[in-house]
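So this one's input.cif, mmCIF, C-alpha atoms:
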data_query
#
loop_
_atom_site.label_atom_id
_atom_site.label_comp_id
_atom_site.auth_asym_id
_atom_site.auth_seq_id
_atom_site.Cartn_x
_atom_site.Cartn_y
_atom_site.Cartn_z
CA MET A 7 -56.63 -10.65 6.95
CA ASN A 8 -57.67 -13.92 8.59
CA SER A 9 -58.40 -17.33 7.11
CA VAL A 10 -61.90 -18.61 7.84
CA GLU A 11 -63.72 -21.87 7.35
CA GLY A 12 -65.57 -22.53 4.14
CA GLY A 13 -65.66 -21.54 0.52
CA VAL A 14 -68.44 -19.93 -1.49
CA THR A 15 -70.85 -19.73 1.48
CA ALA A 16 -68.38 -17.96 3.78
CA ALA A 17 -69.46 -14.52 2.53
CA GLN A 18 -72.77 -13.09 3.79
CA GLY A 19 -75.85 -13.66 1.65
CA PHE A 20 -74.55 -16.59 -0.38
CA GLN A 21 -76.04 -20.07 -0.43
CA ALA A 22 -74.87 -23.18 -2.22
CA ALA A 23 -75.76 -26.79 -2.92
CA GLY A 24 -74.36 -29.87 -4.59
CA VAL A 25 -76.53 -32.78 -5.74
CA ALA A 26 -76.50 -36.00 -7.75
CA ALA A 27 -78.47 -35.10 -10.88
CA GLY A 28 -77.31 -38.05 -12.99
CA ILE A 29 -75.43 -35.90 -15.53
CA LYS A 30 -72.90 -38.68 -16.18
CA TYR A 31 -71.91 -40.26 -12.88
CA LYS A 32 -74.13 -42.82 -11.18
CA ASP A 33 -72.68 -42.73 -7.69
CA ARG A 34 -71.75 -39.14 -6.83
CA SER A 35 -72.89 -35.52 -6.91
CA ASP A 36 -72.41 -33.79 -10.25
CA MET A 37 -74.35 -30.51 -10.21
CA ALA A 38 -73.73 -27.45 -8.07
CA LEU A 39 -75.38 -24.09 -7.43
CA VAL A 40 -74.16 -20.84 -5.90
CA TYR A 41 -76.95 -18.32 -5.19
CA THR A 42 -77.42 -14.85 -3.72
CA GLU A 43 -80.84 -13.32 -3.21
CA LYS A 44 -79.27 -9.86 -3.43
CA PRO A 45 -78.15 -9.15 -7.00
CA ALA A 46 -74.39 -9.39 -7.51
CA VAL A 47 -72.07 -7.64 -9.91
CA PHE A 48 -69.54 -10.06 -11.34
CA GLY A 49 -66.21 -10.25 -13.09
CA GLY A 50 -64.72 -13.15 -14.97
CA THR A 51 -61.97 -14.52 -17.14
CA PHE A 52 -62.21 -17.46 -19.49
CA THR A 53 -60.22 -19.92 -21.55
CA THR A 54 -57.85 -18.61 -24.21
CA ASN A 55 -58.52 -21.73 -26.26
CA VAL A 56 -60.08 -20.87 -29.65
CA VAL A 57 -62.48 -23.78 -29.07
CA LYS A 58 -64.87 -22.59 -26.36
CA ALA A 59 -67.63 -24.53 -24.63
CA ALA A 60 -71.27 -23.36 -24.69
CA PRO A 61 -71.23 -22.13 -21.06
CA VAL A 62 -68.11 -20.04 -21.69
CA CYS A 63 -69.82 -18.31 -24.62
CA TRP A 64 -72.95 -17.72 -22.50
CA ASP A 65 -71.01 -16.22 -19.59
CA LYS A 66 -68.94 -13.99 -21.87
CA LYS A 67 -72.16 -12.55 -23.33
CA LEU A 68 -73.52 -11.86 -19.85
CA LEU A 69 -70.23 -10.24 -18.84
CA GLU A 70 -70.42 -7.94 -21.86
CA LYS A 71 -74.00 -6.94 -20.95
CA GLY A 72 -72.81 -5.99 -17.47
CA GLU A 73 -76.09 -6.69 -15.69
CA PRO A 74 -76.16 -8.12 -12.13
CA VAL A 75 -76.71 -11.85 -11.62
CA HIS A 76 -78.07 -14.05 -8.84
CA ALA A 77 -76.64 -17.49 -9.47
CA VAL A 78 -74.03 -19.78 -10.97
CA VAL A 79 -74.99 -23.33 -11.90
CA LEU A 80 -72.24 -25.83 -12.64
CA ASN A 81 -72.10 -29.45 -13.74
CA SER A 82 -69.38 -32.06 -13.92
CA GLY A 83 -69.02 -35.12 -16.13
CA ILE A 84 -69.96 -33.50 -19.44
CA ALA A 85 -68.17 -30.39 -20.72
CA ASN A 86 -70.85 -29.28 -23.22
CA ALA A 87 -68.04 -28.33 -25.60
CA CYS A 88 -68.10 -28.99 -29.37
CA THR A 89 -71.81 -29.78 -29.12
CA GLY A 90 -73.19 -27.33 -31.69
CA SER A 91 -76.57 -25.63 -31.51
CA GLU A 92 -78.02 -28.46 -29.42
CA GLY A 93 -75.35 -27.84 -26.79
CA GLU A 94 -76.15 -24.13 -26.77
CA ALA A 95 -79.84 -24.92 -26.28
CA LEU A 96 -79.06 -27.29 -23.42
CA ASN A 97 -76.83 -24.73 -21.75
CA TYR A 98 -79.69 -22.24 -21.92
CA ALA A 99 -82.01 -24.92 -20.56
CA MET A 100 -79.69 -25.41 -17.58
CA ALA A 101 -79.86 -21.67 -16.82
CA GLU A 102 -83.60 -21.57 -17.50
CA GLU A 103 -84.43 -24.52 -15.22
CA VAL A 104 -82.45 -23.03 -12.35
CA ALA A 105 -83.96 -19.60 -12.97
CA GLY A 106 -87.43 -21.08 -12.81
CA GLN A 107 -86.71 -22.68 -9.46
CA LEU A 108 -85.32 -19.41 -8.08
CA CYS A 109 -87.97 -17.14 -9.67
CA ILE A 110 -85.39 -15.11 -11.59
CA GLU A 111 -84.53 -14.66 -15.27
CA PRO A 112 -82.24 -17.08 -17.19
CA GLU A 113 -79.95 -14.13 -17.99
CA GLN A 114 -79.33 -13.80 -14.24
CA VAL A 115 -77.79 -17.27 -14.11
CA LEU A 116 -74.19 -17.95 -15.07
CA THR A 117 -73.27 -21.46 -16.20
CA ALA A 118 -70.16 -23.66 -16.12
CA SER A 119 -69.49 -27.23 -17.22
CA THR A 120 -66.56 -29.63 -17.00
CA GLY A 121 -65.99 -33.16 -18.21
CA VAL A 122 -65.87 -35.03 -21.50
CA ILE A 123 -65.80 -32.95 -24.68
CA GLY A 124 -68.34 -33.80 -27.38
CA MET A 125 -71.02 -35.44 -25.22
CA GLN A 126 -74.49 -33.91 -25.01
CA LEU A 127 -76.18 -33.08 -21.73
CA LYS A 128 -79.60 -34.62 -21.11
CA LYS A 129 -82.49 -32.25 -20.46
CA GLU A 130 -84.08 -34.64 -17.96
CA ALA A 131 -80.98 -34.57 -15.75
CA LEU A 132 -80.92 -30.77 -15.84
CA VAL A 133 -84.58 -30.53 -14.84
CA ARG A 134 -84.08 -33.02 -12.03
CA GLY A 135 -80.89 -31.33 -10.87
CA ALA A 136 -82.40 -27.83 -10.79
CA ALA A 137 -85.20 -28.97 -8.45
CA LEU A 138 -82.79 -30.87 -6.19
CA LEU A 139 -80.46 -27.88 -6.00
CA LYS A 140 -83.25 -25.52 -4.98
CA ALA A 141 -84.31 -27.91 -2.22
CA ALA A 142 -80.74 -28.32 -0.94
CA LEU A 143 -79.74 -24.64 -0.90
CA SER A 144 -78.12 -23.56 2.37
CA ASP A 145 -75.67 -20.96 3.65
CA SER A 146 -73.83 -23.56 5.75
CA ALA A 147 -70.16 -24.40 5.33
CA GLU A 148 -71.15 -27.97 4.50
CA ALA A 149 -73.38 -26.78 1.64
CA GLY A 150 -70.42 -24.88 0.21
CA ALA A 151 -68.23 -27.96 0.62
CA GLU A 152 -70.82 -30.12 -1.15
CA ALA A 153 -70.89 -27.67 -4.07
CA ALA A 154 -67.10 -27.91 -4.29
CA ARG A 155 -67.31 -31.71 -4.33
CA ALA A 156 -69.99 -31.70 -7.01
CA ILE A 157 -67.75 -30.00 -9.58
CA MET A 158 -64.89 -32.51 -9.22
CA THR A 159 -63.98 -34.79 -12.13
CA THR A 160 -60.58 -36.50 -11.79
CA ASP A 161 -59.81 -34.33 -8.74
CA THR A 162 -58.96 -36.39 -5.66
CA VAL A 163 -59.90 -33.62 -3.20
CA SER A 164 -62.24 -30.64 -3.29
CA LYS A 165 -60.72 -27.18 -3.17
CA GLU A 166 -61.92 -24.26 -1.04
CA ALA A 167 -60.43 -21.13 0.55
CA ALA A 168 -61.82 -18.11 2.40
CA VAL A 169 -60.51 -15.06 4.26
CA CYS A 170 -61.97 -11.99 5.95
CA PHE A 171 -60.81 -8.50 6.91
CA GLU A 172 -62.21 -5.50 8.77
CA ALA A 173 -63.31 -2.30 6.99
CA GLU A 174 -65.46 0.55 8.29
CA GLY A 175 -66.04 -1.43 11.49
CA ARG A 176 -67.54 -4.35 9.56
CA THR A 177 -66.30 -7.71 8.34
CA VAL A 178 -65.76 -8.33 4.64
CA THR A 179 -65.35 -11.92 3.48
CA VAL A 180 -63.98 -13.44 0.27
CA GLY A 181 -64.44 -17.18 -0.29
CA GLY A 182 -64.09 -19.48 -3.25
CA MET A 183 -64.02 -22.98 -4.68
CA SER A 184 -62.33 -24.48 -7.70
CA LYS A 185 -61.85 -27.74 -9.52
CA GLY A 186 -58.92 -28.74 -11.65
CA SER A 187 -56.65 -31.72 -11.95
CA GLY A 188 -55.90 -32.12 -15.65
CA MET A 189 -55.88 -29.87 -18.72
CA ILE A 190 -54.22 -27.16 -16.64
CA HIS A 191 -51.71 -24.88 -18.31
CA PRO A 192 -50.57 -21.24 -17.98
CA ASN A 193 -52.03 -18.41 -20.05
CA MET A 194 -55.68 -19.15 -19.38
CA ALA A 195 -58.16 -18.60 -16.57
CA THR A 196 -58.52 -21.86 -14.65
CA MET A 197 -60.64 -24.96 -14.88
CA LEU A 198 -63.78 -23.98 -12.97
CA SER A 199 -63.65 -21.52 -10.09
CA VAL A 200 -66.29 -19.40 -8.35
CA THR A 201 -65.42 -16.80 -5.72
CA THR A 202 -67.98 -14.86 -3.70
CA THR A 203 -67.69 -11.71 -1.61
CA ASP A 204 -70.11 -9.67 0.46
CA ALA A 205 -68.33 -6.43 -0.47
CA ALA A 206 -69.93 -3.87 -2.77
CA ILE A 207 -67.70 -2.79 -5.65
CA ASP A 208 -68.00 -1.14 -9.03
CA ARG A 209 -68.21 -3.69 -11.85
CA GLU A 210 -65.27 -2.23 -13.79
CA ASP A 211 -63.09 -2.14 -10.68
CA LEU A 212 -63.97 -5.74 -9.89
CA GLN A 213 -63.13 -6.88 -13.43
CA GLU A 214 -59.76 -5.14 -13.22
CA LEU A 215 -58.99 -6.93 -9.96
CA VAL A 216 -60.18 -10.29 -11.31
CA SER A 217 -57.87 -9.99 -14.32
CA GLY A 218 -54.98 -9.06 -12.03
CA ALA A 219 -55.64 -11.95 -9.66
CA VAL A 220 -55.55 -14.44 -12.52
CA ARG A 221 -52.15 -13.24 -13.74
CA ASP A 222 -50.18 -14.36 -10.71
CA SER A 223 -52.32 -17.32 -9.62
CA PHE A 224 -54.25 -19.43 -12.11
CA ASN A 225 -52.06 -18.29 -15.00
CA MET A 226 -48.98 -19.52 -13.14
CA ILE A 227 -49.93 -23.18 -12.71
CA SER A 228 -49.41 -26.13 -15.02
CA VAL A 229 -50.10 -29.84 -14.82
CA ASP A 230 -49.92 -31.07 -18.40
CA ARG A 231 -49.41 -28.25 -20.96
CA ASP A 232 -53.07 -28.45 -22.05
CA THR A 233 -55.54 -25.56 -21.90
CA SER A 234 -59.18 -26.56 -21.52
CA THR A 235 -62.15 -25.48 -23.65
CA ASN A 236 -64.11 -24.68 -20.47
CA ASP A 237 -61.82 -22.63 -18.20
CA THR A 238 -63.95 -20.22 -16.19
CA TYR A 239 -63.14 -17.98 -13.22
CA LEU A 240 -66.07 -15.98 -11.82
CA VAL A 241 -66.19 -13.54 -8.90
CA LEU A 242 -69.57 -12.37 -7.54
CA ALA A 243 -69.98 -9.39 -5.20
CA ASN A 244 -73.39 -8.87 -3.56
CA GLY A 245 -72.62 -6.02 -1.12
CA ALA A 246 -74.28 -7.79 1.83
CA SER A 247 -71.58 -6.63 4.27
CA GLY A 248 -72.54 -2.98 3.72
CA VAL A 249 -68.92 -2.10 2.88
CA THR A 250 -68.24 -0.37 -0.43
CA ILE A 251 -64.80 -0.92 -1.95
CA LYS A 252 -63.39 2.15 -3.71
CA LYS A 253 -60.03 2.77 -5.33
CA GLY A 254 -57.58 4.81 -3.31
CA THR A 255 -58.78 3.47 0.06
CA GLN A 256 -57.28 0.99 2.52
CA ALA A 257 -60.36 -1.16 2.07
CA TYR A 258 -59.54 -1.46 -1.63
CA GLU A 259 -56.00 -2.63 -0.87
CA ASP A 260 -57.27 -5.11 1.72
CA PHE A 261 -59.91 -6.43 -0.67
CA LYS A 262 -57.30 -6.83 -3.40
CA GLU A 263 -55.04 -8.75 -1.02
CA ALA A 264 -57.91 -11.00 0.04
CA LEU A 265 -59.02 -11.73 -3.53
CA PHE A 266 -55.46 -12.45 -4.66
CA TYR A 267 -54.86 -14.69 -1.63
CA VAL A 268 -57.94 -16.83 -2.28
CA ALA A 269 -57.03 -17.13 -5.98
CA LYS A 270 -53.47 -18.23 -5.16
CA GLU A 271 -54.60 -20.73 -2.53
CA LEU A 272 -57.06 -22.32 -4.96
CA ALA A 273 -54.44 -22.35 -7.72
CA LYS A 274 -51.88 -24.05 -5.48
CA LYS A 275 -54.43 -26.67 -4.41
CA MET A 276 -55.12 -27.41 -8.07
CA ALA A 277 -51.41 -27.71 -8.83
CA GLY A 278 -50.96 -30.10 -5.91
CA ASP A 279 -53.83 -32.30 -7.12
CA GLY A 280 -52.63 -32.80 -10.68
CA GLU A 281 -53.72 -36.06 -12.22
CA GLY A 282 -51.58 -38.90 -10.88
CA CYS A 283 -49.16 -36.58 -9.08
CA THR A 284 -47.17 -37.52 -5.99
CA ARG A 285 -45.89 -34.07 -5.08
CA ARG A 286 -46.49 -30.38 -5.66
CA LEU A 287 -43.74 -28.33 -7.28
CA GLU A 288 -43.12 -24.64 -6.77
CA VAL A 289 -40.71 -22.75 -9.02
CA ARG A 290 -39.44 -19.42 -7.76
CA VAL A 291 -37.47 -17.19 -10.11
CA VAL A 292 -35.77 -14.50 -8.03
CA HIS A 293 -33.43 -11.53 -8.61
CA CYS A 294 -34.64 -11.19 -12.19
CA ALA A 295 -34.51 -8.10 -14.41
CA SER A 296 -38.33 -7.77 -14.70
CA GLU A 297 -41.52 -9.41 -13.48
CA LYS A 298 -42.50 -10.30 -17.04
CA LYS A 299 -39.20 -12.07 -17.60
CA ALA A 300 -39.45 -13.83 -14.23
CA ARG A 301 -42.94 -15.11 -15.05
CA THR A 302 -41.80 -16.40 -18.43
CA LEU A 303 -38.86 -18.26 -16.90
CA ALA A 304 -40.91 -19.71 -14.05
CA LYS A 305 -43.58 -20.93 -16.47
CA SER A 306 -40.95 -22.54 -18.68
CA VAL A 307 -39.58 -24.63 -15.83
CA ILE A 308 -42.95 -25.60 -14.35
CA THR A 309 -44.25 -26.78 -17.75
CA SER A 310 -41.18 -28.87 -18.63
CA ASN A 311 -42.14 -32.53 -18.84
CA LEU A 312 -38.50 -33.50 -18.34
CA VAL A 313 -38.27 -31.47 -15.12
CA LYS A 314 -41.58 -32.93 -13.93
CA ALA A 315 -40.47 -36.49 -14.70
CA ALA A 316 -37.18 -35.94 -12.88
CA MET A 317 -39.06 -34.71 -9.82
CA TYR A 318 -41.22 -37.85 -9.88
CA GLY A 319 -38.03 -39.91 -9.76
CA SER A 320 -36.53 -37.71 -7.00
CA ASP A 321 -33.69 -37.07 -9.43
CA ALA A 322 -31.83 -33.77 -8.90
CA ASN A 323 -31.19 -33.41 -12.62
CA TRP A 324 -30.46 -29.68 -12.60
CA GLY A 325 -29.55 -29.81 -16.29
CA ARG A 326 -33.22 -30.14 -17.15
CA ILE A 327 -34.03 -27.04 -15.09
CA LEU A 328 -31.27 -25.06 -16.75
CA CYS A 329 -32.40 -26.27 -20.18
CA ALA A 330 -35.99 -25.15 -19.52
CA LEU A 331 -34.75 -21.70 -18.51
CA GLY A 332 -32.62 -21.54 -21.64
CA TYR A 333 -35.40 -22.18 -24.16
CA ALA A 334 -37.87 -19.79 -22.51
CA GLY A 335 -36.99 -17.05 -24.99
CA GLU A 336 -35.33 -14.75 -22.45
CA GLU A 337 -31.66 -13.79 -22.30
CA PHE A 338 -29.60 -14.41 -19.14
CA ASP A 339 -26.06 -15.33 -18.16
CA PRO A 340 -25.88 -19.05 -17.25
CA GLU A 341 -22.46 -18.43 -15.71
CA LYS A 342 -24.04 -16.30 -12.97
CA ILE A 343 -27.23 -18.06 -11.91
CA CYS A 344 -27.74 -20.43 -8.99
CA LEU A 345 -30.20 -23.35 -8.75
CA THR A 346 -31.38 -24.56 -5.34
CA ILE A 347 -33.95 -27.07 -4.13
CA GLU A 348 -35.87 -26.80 -0.85
CA ALA A 349 -38.26 -29.09 1.00
CA GLY A 350 -39.03 -30.21 4.53
CA GLY A 351 -37.02 -27.39 6.05
CA ASP A 352 -33.87 -28.40 4.15
CA SER A 353 -32.19 -26.76 1.16
CA LEU A 354 -29.42 -27.73 -1.23
CA LEU A 355 -27.49 -25.74 -3.83
CA LEU A 356 -27.23 -27.71 -7.09
CA PHE A 357 -25.68 -25.32 -9.61
CA ARG A 358 -23.61 -22.12 -9.54
CA ASP A 359 -20.91 -20.30 -11.54
CA GLY A 360 -21.76 -22.25 -14.68
CA ALA A 361 -21.20 -25.73 -13.23
CA ALA A 362 -22.49 -28.27 -10.73
CA ALA A 363 -22.09 -27.36 -7.07
CA ALA A 364 -20.49 -29.83 -4.67
CA TYR A 365 -23.58 -31.60 -3.32
CA SER A 366 -24.59 -35.09 -2.22
CA GLU A 367 -26.88 -36.90 -4.65
CA ASP A 368 -28.24 -38.98 -1.77
CA ARG A 369 -29.16 -35.85 0.18
CA ALA A 370 -30.74 -34.33 -2.93
CA THR A 371 -32.84 -37.45 -3.42
CA GLU A 372 -34.07 -37.33 0.17
CA ILE A 373 -35.08 -33.66 -0.22
CA LEU A 374 -36.97 -34.42 -3.43
CA LYS A 375 -39.00 -37.18 -1.78
CA ASN A 376 -41.00 -34.58 0.15
CA ARG A 377 -44.65 -33.94 -0.73
CA GLU A 378 -43.93 -30.29 -1.58
CA VAL A 379 -40.71 -29.29 -3.36
CA ILE A 380 -39.44 -25.80 -4.17
CA ILE A 381 -37.01 -25.04 -7.02
CA ILE A 382 -35.29 -21.66 -6.70
CA CYS A 383 -33.72 -20.09 -9.78
CA ASP A 384 -31.60 -17.10 -8.73
CA MET A 385 -30.91 -15.09 -11.90
CA LYS A 386 -28.64 -12.55 -10.10
CA GLU A 387 -29.59 -9.65 -12.37
CA GLY A 388 -32.28 -7.55 -10.64
CA GLU A 389 -34.97 -7.43 -7.95
CA ALA A 390 -38.04 -8.87 -9.73
CA SER A 391 -39.48 -12.29 -8.95
CA ALA A 392 -42.29 -14.66 -9.92
CA THR A 393 -43.62 -18.02 -8.73
CA ALA A 394 -45.24 -20.86 -10.64
CA TRP A 395 -46.83 -24.05 -9.33
CA GLY A 396 -47.25 -27.50 -10.77
CA CYS A 397 -46.64 -31.16 -10.02
CA ASP A 398 -44.58 -34.15 -11.06
CA LEU A 399 -45.41 -36.30 -14.10
CA THR A 400 -46.17 -39.92 -13.29
CA HIS A 401 -47.23 -43.20 -14.88
CA ASP A 402 -50.67 -42.68 -13.36
CA TYR A 403 -51.20 -39.49 -15.39
CA VAL A 404 -51.07 -41.58 -18.58
CA SER A 405 -53.36 -44.24 -17.10
CA ILE A 406 -55.97 -41.71 -15.98
CA ASN A 407 -56.11 -39.99 -19.36
CA ALA A 408 -55.97 -43.21 -21.38
CA ASP A 409 -59.17 -44.32 -19.62
CA TYR A 410 -60.83 -40.90 -19.20
CA ARG A 411 -63.82 -41.27 -21.53
CA SER A 412 -64.68 -44.72 -20.17
#

Could I get this structure in the form of structure tokens?
Amino acid sequence: MNSVEGGVTAAQGFQAAGVAAGIKYKDRSDMALVYTEKPAVFGGTFTTNVVKAAPVCWDKKLLEKGEPVHAVVLNSGIANACTGSEGEALNYAMAEEVAGQLCIEPEQVLTASTGVIGMQLKKEALVRGAALLKAALSDSAEAGAEAARAIMTTDTVSKEAAVCFEAEGRTVTVGGMSKGSGMIHPNMATMLSVTTTDAAIDREDLQELVSGAVRDSFNMISVDRDTSTNDTYLVLANGASGVTIKKGTQAYEDFKEALFYVAKELAKKMAGDGEGCTRRLEVRVVHCASEKKARTLAKSVITSNLVKAAMYGSDANWGRILCALGYAGEEFDPEKICLTIEAGGDSLLLFRDGAAAAYSEDRATEILKNREVIIICDMKEGEASATAWGCDLTHDYVSINADYRS
């Protein structure tokens, strides 16, 4: 498996575009399109929030129908959530306008929105955006990058990842984009993410892999303990490579690895771009009794506001880490575990045998000043492990969200 340039246009047969439609922003692109002329089977997972946006409900219906699709249209700035029947009609209009430009049916267009809850989209912007997107469609890496930029809200950087592998003497590519900076919390899909592949695969097999990829990637990140109304993760497979992925083959295992890799890379980029953050955090729970238990413990630490605030202050307050493990709802022996921090090629043991280890606070502070920090929780009870990603909690997070609607 090799990393390649690009995102959603890296796979054969996929085009993309990002344009300024005037959805909400006046000075930046805010509408994106991913398109394949060849029909694509798709899999998806969506928010676990009881309150679901109009595009989530639309996509879930299309997923249940199981028919191939040709496109995904996305907008930023307005979430089209809690907008009633008018919001549903405008979501359909967004699909319909794009379908008309591409000479396909509205039911062959998936939708996704992100932004302020409760605001209504404007039909004129959707009509304008659909025409601009059609005109800008391209299979270039830059077109994919522009689509990734168009779905940003409070993100500071766009997020893309792509890999390829060889199967049956041909190259199979998996590439994706995502957006997410706030309202990111475990036990959901993600903010918005679209992944494309030129492999051919059975729809049920793809859905199984999509659900598995989410478990150890997007469901293991947290910025602020909030789950959005719009979380959507879509994977489209158009078969343009000529390679068919079947269970029980090496190609299946390679495809699974590629899909999982792209999902994890996008998830980590989201975690590292949390609103107002100054560093990315990675929590590894190792030598645990089971994977389920390890995931629960890792999530508990990565979602702790006290741990996140301590990391912002470069404060090696291991008591907050231990506390977060302790209220996770899993039994363990605190007299056995070890807590270690790592960053910049350096590591430091903070806690072992039920008490503080002999460490230098000054050295700990220097380690925690790195842009990426790893917290290792060694449970010393088994061979299972899990990793969660997040970021520190800063003053800027409050400022960004206090001013978000304005």

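Of the listed residues (A:Ser199, A:Lys314, A:Ala277, A:Met125), A:Ser199 comes nearest to Ala154 (chain A); the distances count only C-alpha atoms.
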
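A straight line drawn from CA of Asp145 (chain A) to CA of Leu68 (chain A) is 25.3 Å long.
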
(-72.0, -13.5, 3.3) in this file's frame - what residues fall within 8 Å of it? Use all atoms listed in the file and give the answer as an mmCIF file with C-alpha atoms, keeping the file's coordinate frame.
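The resulting file, selection.cif, is reproduced below:
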data_model
loop_
_atom_site.group_PDB
_atom_site.id
_atom_site.type_symbol
_atom_site.label_atom_id
_atom_site.label_comp_id
_atom_site.auth_asym_id
_atom_site.auth_seq_id
_atom_site.Cartn_x
_atom_site.Cartn_y
_atom_site.Cartn_z
ATOM 1 C CA THR A 15 -70.850 -19.730 1.480
ATOM 2 C CA ALA A 16 -68.380 -17.960 3.780
ATOM 3 C CA ALA A 17 -69.460 -14.520 2.530
ATOM 4 C CA GLN A 18 -72.770 -13.090 3.790
ATOM 5 C CA GLY A 19 -75.850 -13.660 1.650
ATOM 6 C CA PHE A 20 -74.550 -16.590 -0.380
ATOM 7 C CA THR A 179 -65.350 -11.920 3.480
ATOM 8 C CA THR A 203 -67.690 -11.710 -1.610
ATOM 9 C CA ASP A 204 -70.110 -9.670 0.460
ATOM 10 C CA ALA A 246 -74.280 -7.790 1.830
ATOM 11 C CA SER A 247 -71.580 -6.630 4.270
#

- Message: What would the selection look like, as a VMD selection string, if the PyMOL selection byres ((chain A and resi 311) around 12) were run on the coordinates I just shared?
- Response: chain A and resid 228 to 231 305 to 310 312 to 318 326 to 327 329 to 330 396 to 400 403

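Distance annotation: of A:Ala394, A:Ala349, A:Val133, A:Ile84, the residue with the minimal separation from Ala27 (chain A) is A:Val133; atom set is all atoms listed in the file.
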
- Restricting the calculation to all atoms listed in the file, which member of A:Leu143, A:Val289, A:Val216, A:Cys283 is positioned closest to Val104 (chain A)? A:Leu143

- If you count all atoms listed in the file, which residues fall within 10 Å of region 352-365 of chain A, apart from same-chain ones fewer than 6 positions away, as a PyMOL selection string? chain A and resi 322-325+328+339-346+372-373+379-384

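Taking CA of Gln126 (chain A) as the reference point, CA of Gly186 (chain A) is found at 21.2 Å.
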
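The coordinates place CA of Ala295 (chain A) at 4.4 Å from CA of Gly388 (chain A).
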
- Excluding Thr238 (chain A) and any residue of its chain fewer than 5 positions from it, enumerate the residues within 10 Å of it, using only C-alpha atoms, and give them as number ranges by chain. A: 50-53, 61-62, 65-66, 117-120, 184, 194-200

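When only C-alpha atoms are used to measure the gap to Asn97 (chain A), the shortest distance among A:Leu132, A:His76, A:Arg286, A:Ile110 belongs to A:Leu132.
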
Tell me, as a PDB file with C-alpha atoms, in the coordinates of the input, which residues lie within 7 Å of Ser223 (chain A), counting all atoms listed in the file; anything in the same chain fewer than 5 positions away does not count.
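Writing done, so here's result.pdb:
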ATOM      1  CA  ALA A 269     -57.030 -17.130  -5.980  1.00  0.00           C
ATOM      2  CA  LYS A 270     -53.470 -18.230  -5.160  1.00  0.00           C
ATOM      3  CA  ALA A 273     -54.440 -22.350  -7.720  1.00  0.00           C
TER       4      ALA A 273
END

Near-Gly182 (chain A) list (6 Å; only C-alpha atoms; drop same-chain fewer than 6 positions) as a compact mmCIF listing (two decimals) with C-alpha atoms, keeping the file's coordinate frame:
# COMPACT_ATOMS: atom_id res chain seq x y z
CA GLY A 13 -65.66 -21.54 0.52
CA VAL A 14 -68.44 -19.93 -1.49
CA GLU A 166 -61.92 -24.26 -1.04
CA ALA A 167 -60.43 -21.13 0.55
CA VAL A 200 -66.29 -19.40 -8.35
CA THR A 201 -65.42 -16.80 -5.72

- Message: Which residue is closest to Lys140 (chain A)? Choose from A:Val47, A:Ala219, A:Val25, A:Val57 and count all atoms listed in the file.
- Response: A:Val25

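Distances here use only C-alpha atoms; by that measure, the residue among A:Gly332, A:Gly218, A:Gly72, A:Gly150 closest to Glu263 (chain A) is A:Gly218.
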
Carefully work through the PyMOL selection byres ((chain A and resi 35) around 6) for this structure and note down the residues it includes, as a PDB file with C-alpha atoms, keeping the file's coordinate frame.
ATOM      1  CA  VAL A  25     -76.530 -32.780  -5.740  1.00  0.00           C
ATOM      2  CA  ALA A  26     -76.500 -36.000  -7.750  1.00  0.00           C
ATOM      3  CA  ARG A  34     -71.750 -39.140  -6.830  1.00  0.00           C
ATOM      4  CA  ASP A  36     -72.410 -33.790 -10.250  1.00  0.00           C
ATOM      5  CA  ALA A 156     -69.990 -31.700  -7.010  1.00  0.00           C
TER       6      ALA A 156
END

Reference answer for the PyMOL selection byres ((chain A and resi 336) around 10), as a PDB file with C-alpha atoms, in the coordinates of the input:
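The result, stored in part00.pdb:
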ATOM      1  CA  LYS A 299     -39.200 -12.070 -17.600  1.00  0.00           C
ATOM      2  CA  ALA A 300     -39.450 -13.830 -14.230  1.00  0.00           C
ATOM      3  CA  THR A 302     -41.800 -16.400 -18.430  1.00  0.00           C
ATOM      4  CA  LEU A 303     -38.860 -18.260 -16.900  1.00  0.00           C
ATOM      5  CA  LEU A 331     -34.750 -21.700 -18.510  1.00  0.00           C
ATOM      6  CA  GLY A 332     -32.620 -21.540 -21.640  1.00  0.00           C
ATOM      7  CA  TYR A 333     -35.400 -22.180 -24.160  1.00  0.00           C
ATOM      8  CA  ALA A 334     -37.870 -19.790 -22.510  1.00  0.00           C
ATOM      9  CA  GLY A 335     -36.990 -17.050 -24.990  1.00  0.00           C
ATOM     10  CA  GLU A 337     -31.660 -13.790 -22.300  1.00  0.00           C
ATOM     11  CA  PHE A 338     -29.600 -14.410 -19.140  1.00  0.00           C
TER      12      PHE A 338
END
